[in-house]
file coords_20.cif (mmCIF, C-alpha atoms)
data_model
loop_
_atom_site.group_PDB
_atom_site.id
_atom_site.type_symbol
_atom_site.label_atom_id
_atom_site.label_comp_id
_atom_site.auth_asym_id
_atom_site.auth_seq_id
_atom_site.Cartn_x
_atom_site.Cartn_y
_atom_site.Cartn_z
ATOM 1 C CA MET A 253 0.000 0.000 0.000
ATOM 2 C CA ASP A 254 1.151 3.528 -0.767
ATOM 3 C CA PRO A 255 2.313 5.068 2.556
ATOM 4 C CA VAL A 256 0.376 8.276 1.821
ATOM 5 C CA VAL A 257 -2.895 6.309 1.800
ATOM 6 C CA GLY A 258 -2.098 4.578 5.116
ATOM 7 C CA ILE A 259 -1.049 7.783 6.881
ATOM 8 C CA ASP A 260 -4.057 9.719 5.592
ATOM 9 C CA ARG A 261 -6.384 6.884 6.620
ATOM 10 C CA ALA A 262 -4.948 6.874 10.170
ATOM 11 C CA PHE A 263 -5.203 10.667 10.376
ATOM 12 C CA TRP A 264 -8.844 10.782 9.231
ATOM 13 C CA TYR A 265 -9.852 7.854 11.445
ATOM 14 C CA ILE A 266 -8.418 9.504 14.570
ATOM 15 C CA LEU A 267 -9.846 12.914 13.596
ATOM 16 C CA VAL A 268 -13.380 11.599 12.941
ATOM 17 C CA VAL A 269 -13.499 9.454 16.103
ATOM 18 C CA SER A 270 -12.212 12.405 18.156
ATOM 19 C CA ALA A 271 -14.744 14.802 16.585
ATOM 20 C CA VAL A 272 -17.644 12.396 17.216
ATOM 21 C CA PHE A 273 -16.677 11.976 20.865
ATOM 22 C CA LEU A 274 -16.014 15.692 21.360
ATOM 23 C CA THR A 275 -19.475 16.484 19.996
ATOM 24 C CA GLY A 276 -21.159 13.714 21.999
ATOM 25 C CA ILE A 277 -19.449 14.570 25.266
ATOM 26 C CA THR A 278 -20.180 18.288 24.838
ATOM 27 C CA LEU A 279 -23.880 17.653 24.154
ATOM 28 C CA VAL A 280 -24.180 15.284 27.145
ATOM 29 C CA MET A 281 -22.389 17.826 29.340
ATOM 30 C CA ILE A 282 -24.780 20.605 28.283
ATOM 31 C CA TYR A 283 -27.751 18.304 28.920
ATOM 32 C CA PHE A 284 -26.485 17.452 32.429
ATOM 33 C CA VAL A 285 -25.802 21.111 33.256
ATOM 34 C CA VAL A 286 -29.412 22.002 32.362
ATOM 35 C CA ARG A 287 -31.151 18.867 33.634
ATOM 36 C CA TYR A 288 -29.302 18.542 36.958
ATOM 37 C CA ARG A 289 -28.712 22.177 37.866
ATOM 38 C CA ARG A 290 -28.751 23.111 41.528
ATOM 39 C CA SER A 291 -32.149 24.857 41.397
ATOM 40 C CA ARG A 292 -33.817 21.580 40.325
ATOM 41 C CA HIS A 293 -31.653 19.207 42.396
ATOM 42 C CA PRO A 294 -30.399 20.916 45.576
ATOM 43 C CA GLN A 295 -29.228 17.562 46.991
ATOM 44 C CA PRO A 296 -26.628 15.865 44.761
ATOM 45 C CA ALA A 297 -26.861 12.128 44.066
ATOM 46 C CA ASP A 298 -23.878 9.816 44.485
ATOM 47 C CA ILE A 299 -23.299 7.209 41.771
ATOM 48 C CA ARG A 300 -20.314 5.509 43.411
ATOM 49 C CA GLY A 301 -20.304 1.728 43.295
ATOM 50 C CA ASN A 302 -22.114 1.447 39.945
ATOM 51 C CA TRP A 303 -19.956 -1.316 38.420
ATOM 52 C CA GLN A 304 -21.806 -1.279 35.067
ATOM 53 C CA LEU A 305 -21.007 2.410 34.562
ATOM 54 C CA GLU A 306 -17.388 1.941 35.655
ATOM 55 C CA LEU A 307 -17.020 -1.013 33.294
ATOM 56 C CA LEU A 308 -18.517 1.022 30.459
ATOM 57 C CA TRP A 309 -16.175 3.996 30.863
ATOM 58 C CA THR A 310 -13.189 1.646 31.070
ATOM 59 C CA VAL A 311 -14.021 -0.675 28.156
ATOM 60 C CA ILE A 312 -15.136 1.938 25.594
ATOM 61 C CA PRO A 313 -11.978 4.124 25.838
ATOM 62 C CA THR A 314 -9.809 0.977 25.765
ATOM 63 C CA ILE A 315 -11.463 -0.223 22.541
ATOM 64 C CA ILE A 316 -11.100 3.232 20.972
ATOM 65 C CA ALA A 317 -7.413 3.504 21.949
ATOM 66 C CA LEU A 318 -6.664 -0.011 20.651
ATOM 67 C CA SER A 319 -8.445 0.670 17.359
ATOM 68 C CA MET A 320 -6.415 3.888 16.899
ATOM 69 C CA PHE A 321 -3.249 1.944 17.682
ATOM 70 C CA ALA A 322 -4.152 -0.743 15.116
ATOM 71 C CA VAL A 323 -4.785 1.814 12.354
ATOM 72 C CA GLY A 324 -1.590 3.707 13.244
ATOM 73 C CA TRP A 325 0.489 0.524 13.451
ATOM 74 C CA LYS A 326 -0.683 -0.560 9.998
ATOM 75 C CA SER A 327 0.391 2.772 8.494
ATOM 76 C CA TYR A 328 3.717 2.667 10.399
ATOM 77 C CA THR A 329 4.604 -0.822 9.156
ATOM 78 C CA GLY A 330 3.710 0.356 5.644
ATOM 79 C CA LEU A 331 6.362 3.052 6.018
ATOM 80 C CA ARG A 332 9.018 0.490 6.974
ATOM 81 C CA ALA A 333 8.253 -2.239 4.372
ATOM 82 C CA VAL A 334 10.127 -1.107 1.266
ATOM 83 C CA PRO A 335 8.891 -2.777 -1.958
ATOM 84 C CA ALA A 336 11.337 -4.819 -3.999
ATOM 85 C CA GLY A 337 13.029 -2.922 -6.805
ATOM 86 C CA ALA A 338 12.951 0.453 -5.054
ATOM 87 C CA VAL A 339 15.408 3.069 -6.322
ATOM 88 C CA GLN A 340 17.877 3.694 -3.483
ATOM 89 C CA ILE A 341 19.312 7.152 -2.875
ATOM 90 C CA GLU A 342 21.622 8.270 -0.058
ATOM 91 C CA VAL A 343 20.522 11.450 1.708
ATOM 92 C CA LEU A 344 23.186 13.364 3.630
ATOM 93 C CA ALA A 345 22.173 16.321 5.775
ATOM 94 C CA GLN A 346 24.636 19.066 6.570
ATOM 95 C CA MET A 347 24.505 22.657 7.736
ATOM 96 C CA PHE A 348 22.587 23.891 5.710
ATOM 97 C CA SER A 349 21.833 21.747 2.659
ATOM 98 C CA TRP A 350 20.807 18.296 1.491
ATOM 99 C CA ILE A 351 23.201 16.118 -0.536
ATOM 100 C CA PHE A 352 21.712 13.280 -2.600
ATOM 101 C CA VAL A 353 23.976 10.443 -3.766
ATOM 102 C CA TYR A 354 22.679 8.065 -6.445
ATOM 103 C CA ALA A 355 23.619 4.461 -7.268
ATOM 104 C CA ASN A 356 26.247 5.529 -9.845
ATOM 105 C CA ASP A 357 27.837 7.915 -7.260
ATOM 106 C CA LYS A 358 26.367 10.986 -8.928
ATOM 107 C CA GLU A 359 25.668 13.728 -6.379
ATOM 108 C CA SER A 360 23.209 16.590 -6.389
ATOM 109 C CA GLU A 361 22.753 19.330 -3.826
ATOM 110 C CA ASN A 362 19.241 20.432 -2.843
ATOM 111 C CA LEU A 363 17.716 18.608 -5.825
ATOM 112 C CA LEU A 364 16.308 15.111 -5.461
ATOM 113 C CA MET A 365 15.569 13.690 -8.907
ATOM 114 C CA VAL A 366 13.438 10.523 -9.096
ATOM 115 C CA PRO A 367 11.585 8.597 -11.822
ATOM 116 C CA GLU A 368 7.774 8.706 -11.905
ATOM 117 C CA HIS A 369 5.572 5.931 -10.460
ATOM 118 C CA THR A 370 8.469 4.179 -8.711
ATOM 119 C CA PRO A 371 9.136 3.208 -5.084
ATOM 120 C CA ILE A 372 11.992 5.357 -3.752
ATOM 121 C CA LYS A 373 14.050 4.388 -0.685
ATOM 122 C CA LEU A 374 15.968 7.214 0.979
ATOM 123 C CA ASN A 375 18.867 6.164 3.237
ATOM 124 C CA ILE A 376 19.251 9.133 5.580
ATOM 125 C CA ASN A 377 22.228 10.262 7.649
ATOM 126 C CA SER A 378 23.677 13.501 9.000
ATOM 127 C CA LEU A 379 27.202 14.803 8.579
ATOM 128 C CA ASP A 380 26.977 17.109 11.608
ATOM 129 C CA VAL A 381 24.054 18.090 13.870
ATOM 130 C CA ILE A 382 20.508 16.704 14.065
ATOM 131 C CA HIS A 383 18.393 17.522 11.024
ATOM 132 C CA SER A 384 14.985 16.216 9.989
ATOM 133 C CA PHE A 385 14.203 15.290 6.385
ATOM 134 C CA SER A 386 10.643 16.359 5.601
ATOM 135 C CA LEU A 387 8.772 15.771 2.335
ATOM 136 C CA PRO A 388 5.198 16.786 3.255
ATOM 137 C CA ALA A 389 3.545 15.992 -0.092
ATOM 138 C CA PHE A 390 4.448 12.315 0.398
ATOM 139 C CA ARG A 391 3.974 12.262 4.213
ATOM 140 C CA VAL A 392 7.685 11.522 4.684
ATOM 141 C CA LYS A 393 9.623 12.761 7.721
ATOM 142 C CA ALA A 394 12.663 11.263 9.421
ATOM 143 C CA ASP A 395 15.326 12.637 11.739
ATOM 144 C CA ALA A 396 18.871 12.639 10.404
ATOM 145 C CA VAL A 397 21.284 11.945 13.276
ATOM 146 C CA LYS A 398 25.024 11.580 12.808
ATOM 147 C CA GLY A 399 26.090 7.945 13.267
ATOM 148 C CA LEU A 400 22.484 6.716 13.366
ATOM 149 C CA PRO A 401 21.440 5.890 9.783
ATOM 150 C CA THR A 402 17.757 5.413 9.034
ATOM 151 C CA TYR A 403 15.526 5.203 5.989
ATOM 152 C CA VAL A 404 12.123 6.103 4.614
ATOM 153 C CA TRP A 405 10.403 5.279 1.371
ATOM 154 C CA PHE A 406 7.657 6.738 -0.776
ATOM 155 C CA GLN A 407 5.925 5.995 -4.044
ATOM 156 C CA SER A 408 6.633 8.710 -6.585
ATOM 157 C CA GLY A 409 3.569 9.681 -8.575
ATOM 158 C CA ASP A 410 3.038 11.866 -11.598
ATOM 159 C CA PRO A 411 5.771 14.268 -12.726
ATOM 160 C CA GLY A 412 6.028 17.457 -10.705
ATOM 161 C CA GLU A 413 8.071 19.431 -8.187
ATOM 162 C CA PHE A 414 7.682 19.181 -4.414
ATOM 163 C CA ASP A 415 9.254 20.916 -1.408
ATOM 164 C CA ILE A 416 11.822 19.292 0.862
ATOM 165 C CA MET A 417 12.762 20.997 4.124
ATOM 166 C CA CYS A 418 14.505 20.485 7.412
ATOM 167 C CA ALA A 419 11.936 20.094 10.180
ATOM 168 C CA GLU A 420 14.413 20.280 13.076
ATOM 169 C CA TYR A 421 16.079 23.521 14.138
ATOM 170 C CA CYS A 422 19.715 22.953 13.201
ATOM 171 C CA GLY A 423 21.332 26.375 13.504
ATOM 172 C CA ILE A 424 21.119 29.916 12.176
ATOM 173 C CA GLY A 425 20.806 28.777 8.537
ATOM 174 C CA HIS A 426 17.996 26.326 9.294
ATOM 175 C CA SER A 427 15.311 28.304 7.431
ATOM 176 C CA LYS A 428 17.390 28.197 4.240
ATOM 177 C CA MET A 429 17.812 24.410 4.317
ATOM 178 C CA LEU A 430 15.369 23.822 1.489
ATOM 179 C CA ALA A 431 15.470 21.450 -1.466
ATOM 180 C CA LYS A 432 13.245 20.265 -4.294
ATOM 181 C CA LEU A 433 11.999 16.833 -5.241
ATOM 182 C CA LYS A 434 11.628 16.586 -8.989
ATOM 183 C CA VAL A 435 9.610 13.637 -10.311
ATOM 184 C CA VAL A 436 10.295 13.040 -14.013
ATOM 185 C CA PRO A 437 9.587 10.352 -16.640
ATOM 186 C CA ARG A 438 11.931 7.333 -16.472
ATOM 187 C CA GLY A 439 13.768 8.225 -19.700
ATOM 188 C CA GLU A 440 14.485 11.749 -18.499
ATOM 189 C CA TYR A 441 15.671 10.409 -15.145
ATOM 190 C CA ASP A 442 18.060 7.900 -16.757
ATOM 191 C CA ALA A 443 19.456 10.588 -19.076
ATOM 192 C CA TRP A 444 19.922 13.020 -16.156
ATOM 193 C CA LEU A 445 21.659 10.310 -14.119
ATOM 194 C CA GLU A 446 24.235 9.772 -16.878
ATOM 195 C CA ARG A 447 24.946 13.465 -17.477
ATOM 196 C CA GLU A 448 27.920 14.964 -15.667
ATOM 197 C CA GLY A 449 28.106 18.318 -13.968
ATOM 198 C CA GLU A 450 24.416 18.605 -13.039
#
call {"tool": "encode", "arguments": {"input": "coords_20.cif", "output": "structure tokens"}}
result
Amino acid sequence: MDPVVGIDRAFWYILVVSAVFLTGITLVMIYFVVRYRRSRHPQPADIRGNWQLELLWTVIPTIIALSMFAVGWKSYTGLRAVPAGAVQIEVLAQMFSWIFVYANDKESENLLMVPEHTPIKLNINSLDVIHSFSLPAFRVKADAVKGLPTYVWFQSGDPGEFDIMCAEYCGIGHSKMLAKLKVVPRGEYDAWLEREGE
């Protein structure tokens, strides 16, 4: 499954469940404020010892939390299971730019070029301080820590240009640590890969 689909599904599931419960709890609270106000019920009632109610407010939140965990876990494992045949690119973070190293040792700075409709695996590392590789259009974000290599993957789609940024404050040039992802047709990618000096 495309990681974008899994992450979006988890986000919308959690948002909708939260919105439903926020609305329900607010309406019940308003009802109780009106129905059981002091002028109508000067002597409060004690509901302690009601095991059915205690069971209900323990079981329902547990089921909701477990369902959110299950949806989130499915999207997380989708982010870690790289499809066979993925194009692998090394990503090196440094103050204050991104270096991309391709399979033929070609390097580009602040430009990540990938072929369209292809799984892309990014092997991420830092050359100095902590950075965070963020590609919002593809729901990709991973910290780059020196000596602690990690990876992410995404499925490139139709040709286009997308923003890459550092999502971790890494020094005074942090705001300028921007790059572009350029998705191009396979032929154009292969030709670019073979050209020197670009």
call {"tool": "resolve_selection", "arguments": {"input": "coords_20.cif", "expression": "the PyMOL selection byres ((chain A and resi 438) around 12)", "output": "PyMOL selection string"}}
result
chain A and resi 339+365-370+408-411+434-437+439-445
call {"tool": "resolve_selection", "arguments": {"input": "coords_20.cif", "expression": "the PyMOL selection byres ((chain A and resi 355-362) around 7)", "output": "list of chain:residue names"}}
result
A:Gln340, A:Ile341, A:Ser349, A:Trp350, A:Ile351, A:Phe352, A:Val353, A:Tyr354, A:Leu363, A:Leu364, A:Leu430, A:Ala431, A:Lys432
call {"tool": "residues_around", "arguments": {"input": "coords_20.cif", "residues": "Ile416 of chain A", "least_positions_apart": "2", "cutoff": "8 Å", "atoms": "only C-alpha atoms", "output": "ChimeraX atom specification"}}
result
/A:385-388,414,418,430-433
call {"tool": "atom_distance", "arguments": {"input": "coords_20.cif", "atom1": "atom CA of Phe348 of chain A", "atom2": "atom CA of Phe406 of chain A"}}
result
23.6 Å
call {"tool": "closest_atom_pairs", "arguments": {"input": "coords_20.cif", "of": "segment 280-311 of chain A", "to": "segment 262-275 of chain A", "cutoff": "12 Å", "atoms": "all atoms listed in the file", "output": "Markdown table"}}
result
| residue | atom | partner | partner_atom | distance |
| --- | --- | --- | --- | --- |
| A:Val280 | CA | A:Thr275 | CA | 8.6 |
| A:Met281 | CA | A:Thr275 | CA | 9.9 |
| A:Ile282 | CA | A:Thr275 | CA | 10.7 |
call {"tool": "residues_around", "arguments": {"input": "coords_20.cif", "residues": "Ile424 of chain A", "least_positions_apart": "4", "cutoff": "12 Å", "atoms": "all atoms listed in the file", "output": "list of chain:residue names"}}
result
A:Met347, A:Phe348, A:Glu420, A:Lys428, A:Met429
call {"tool": "write_last_selection", "arguments": {"input": "coords_20.cif", "atoms": "C-alpha atoms", "output": "compact mmCIF listing (two decimals), in the frame of the given file"}}
result
# COMPACT_ATOMS: atom_id res chain seq x y z
CA MET A 347 24.50 22.66 7.74
CA PHE A 348 22.59 23.89 5.71
CA GLU A 420 14.41 20.28 13.08
CA LYS A 428 17.39 28.20 4.24
CA MET A 429 17.81 24.41 4.32
call {"tool": "residues_around", "arguments": {"input": "coords_20.cif", "residues": "segment 318-331 of chain A", "least_positions_apart": "2", "cutoff": "7 Å", "atoms": "all atoms listed in the file", "output": "ChimeraX atom specification"}}
result
/A:253,255,258-259,262,266,314-316,333,404-405
call {"tool": "build_atoms", "arguments": {"input": "coords_20.cif", "residues": "segment 258-269 of chain A", "atoms": "all heavy atoms", "output": "short mmCIF file (atom, residue, chain, number, x, y, z; two decimals), in the coordinates of the input"}}
result
data_model
loop_
_atom_site.label_atom_id
_atom_site.label_comp_id
_atom_site.auth_asym_id
_atom_site.auth_seq_id
_atom_site.Cartn_x
_atom_site.Cartn_y
_atom_site.Cartn_z
N GLY A 258 -2.04 5.08 3.74
CA GLY A 258 -2.10 4.58 5.12
C GLY A 258 -2.05 5.69 6.15
O GLY A 258 -2.80 5.69 7.12
N ILE A 259 -1.18 6.67 5.93
CA ILE A 259 -1.05 7.78 6.88
C ILE A 259 -2.31 8.64 6.88
O ILE A 259 -2.82 9.02 7.93
CB ILE A 259 0.20 8.62 6.55
CG1 ILE A 259 1.45 7.81 6.86
CG2 ILE A 259 0.21 9.93 7.34
CD1 ILE A 259 2.72 8.40 6.33
N ASP A 260 -2.83 8.92 5.68
CA ASP A 260 -4.06 9.72 5.59
C ASP A 260 -5.24 8.99 6.24
O ASP A 260 -6.07 9.60 6.91
CB ASP A 260 -4.38 10.05 4.14
CG ASP A 260 -3.45 11.12 3.57
OD1 ASP A 260 -2.65 11.68 4.34
OD2 ASP A 260 -3.54 11.40 2.36
N ARG A 261 -5.30 7.67 6.03
CA ARG A 261 -6.38 6.88 6.62
C ARG A 261 -6.32 6.95 8.14
O ARG A 261 -7.34 7.15 8.81
CB ARG A 261 -6.28 5.44 6.13
CG ARG A 261 -7.45 4.57 6.57
CD ARG A 261 -7.32 3.17 6.01
NE ARG A 261 -7.43 3.21 4.56
CZ ARG A 261 -6.94 2.27 3.74
NH1 ARG A 261 -6.29 1.25 4.24
NH2 ARG A 261 -7.11 2.37 2.44
N ALA A 262 -5.11 6.80 8.71
CA ALA A 262 -4.95 6.87 10.17
C ALA A 262 -5.33 8.26 10.68
O ALA A 262 -6.03 8.39 11.70
CB ALA A 262 -3.51 6.54 10.56
N PHE A 263 -4.89 9.30 9.98
CA PHE A 263 -5.20 10.67 10.38
C PHE A 263 -6.71 10.90 10.40
O PHE A 263 -7.25 11.41 11.39
CB PHE A 263 -4.53 11.66 9.42
CG PHE A 263 -4.98 13.08 9.62
CD1 PHE A 263 -4.46 13.84 10.65
CD2 PHE A 263 -5.94 13.64 8.80
CE1 PHE A 263 -4.88 15.15 10.85
CE2 PHE A 263 -6.37 14.95 8.98
CZ PHE A 263 -5.84 15.70 10.02
N TRP A 264 -7.40 10.54 9.31
CA TRP A 264 -8.84 10.78 9.23
C TRP A 264 -9.62 9.94 10.23
O TRP A 264 -10.61 10.39 10.80
CB TRP A 264 -9.35 10.56 7.81
CG TRP A 264 -8.99 11.70 6.91
CD1 TRP A 264 -8.08 11.70 5.90
CD2 TRP A 264 -9.50 13.05 6.99
NE1 TRP A 264 -7.99 12.95 5.35
CE2 TRP A 264 -8.84 13.80 5.98
CE3 TRP A 264 -10.41 13.69 7.81
CZ2 TRP A 264 -9.10 15.15 5.78
CZ3 TRP A 264 -10.67 15.03 7.59
CH2 TRP A 264 -10.02 15.74 6.60
N TYR A 265 -9.18 8.71 10.46
CA TYR A 265 -9.85 7.85 11.44
C TYR A 265 -9.79 8.49 12.83
O TYR A 265 -10.81 8.63 13.51
CB TYR A 265 -9.22 6.46 11.47
CG TYR A 265 -9.83 5.55 12.51
CD1 TYR A 265 -11.10 5.01 12.32
CD2 TYR A 265 -9.17 5.26 13.68
CE1 TYR A 265 -11.68 4.20 13.28
CE2 TYR A 265 -9.73 4.44 14.64
CZ TYR A 265 -10.99 3.91 14.44
OH TYR A 265 -11.56 3.12 15.39
N ILE A 266 -8.58 8.90 13.24
CA ILE A 266 -8.42 9.50 14.57
C ILE A 266 -9.18 10.82 14.66
O ILE A 266 -9.84 11.11 15.67
CB ILE A 266 -6.92 9.69 14.89
CG1 ILE A 266 -6.27 8.32 15.07
CG2 ILE A 266 -6.72 10.55 16.12
CD1 ILE A 266 -4.75 8.34 15.13
N LEU A 267 -9.15 11.63 13.60
CA LEU A 267 -9.85 12.91 13.60
C LEU A 267 -11.36 12.73 13.71
O LEU A 267 -12.02 13.40 14.52
CB LEU A 267 -9.51 13.69 12.32
CG LEU A 267 -10.17 15.07 12.23
CD1 LEU A 267 -9.56 16.03 13.24
CD2 LEU A 267 -10.04 15.64 10.83
N VAL A 268 -11.92 11.80 12.93
CA VAL A 268 -13.38 11.60 12.94
C VAL A 268 -13.84 11.04 14.28
O VAL A 268 -14.83 11.52 14.87
CB VAL A 268 -13.82 10.69 11.76
CG1 VAL A 268 -15.25 10.23 11.93
CG2 VAL A 268 -13.64 11.42 10.43
N VAL A 269 -13.13 10.02 14.80
CA VAL A 269 -13.50 9.45 16.10
C VAL A 269 -13.42 10.53 17.19
O VAL A 269 -14.32 10.66 18.02
CB VAL A 269 -12.61 8.24 16.45
CG1 VAL A 269 -12.81 7.82 17.90
CG2 VAL A 269 -12.90 7.07 15.53
#
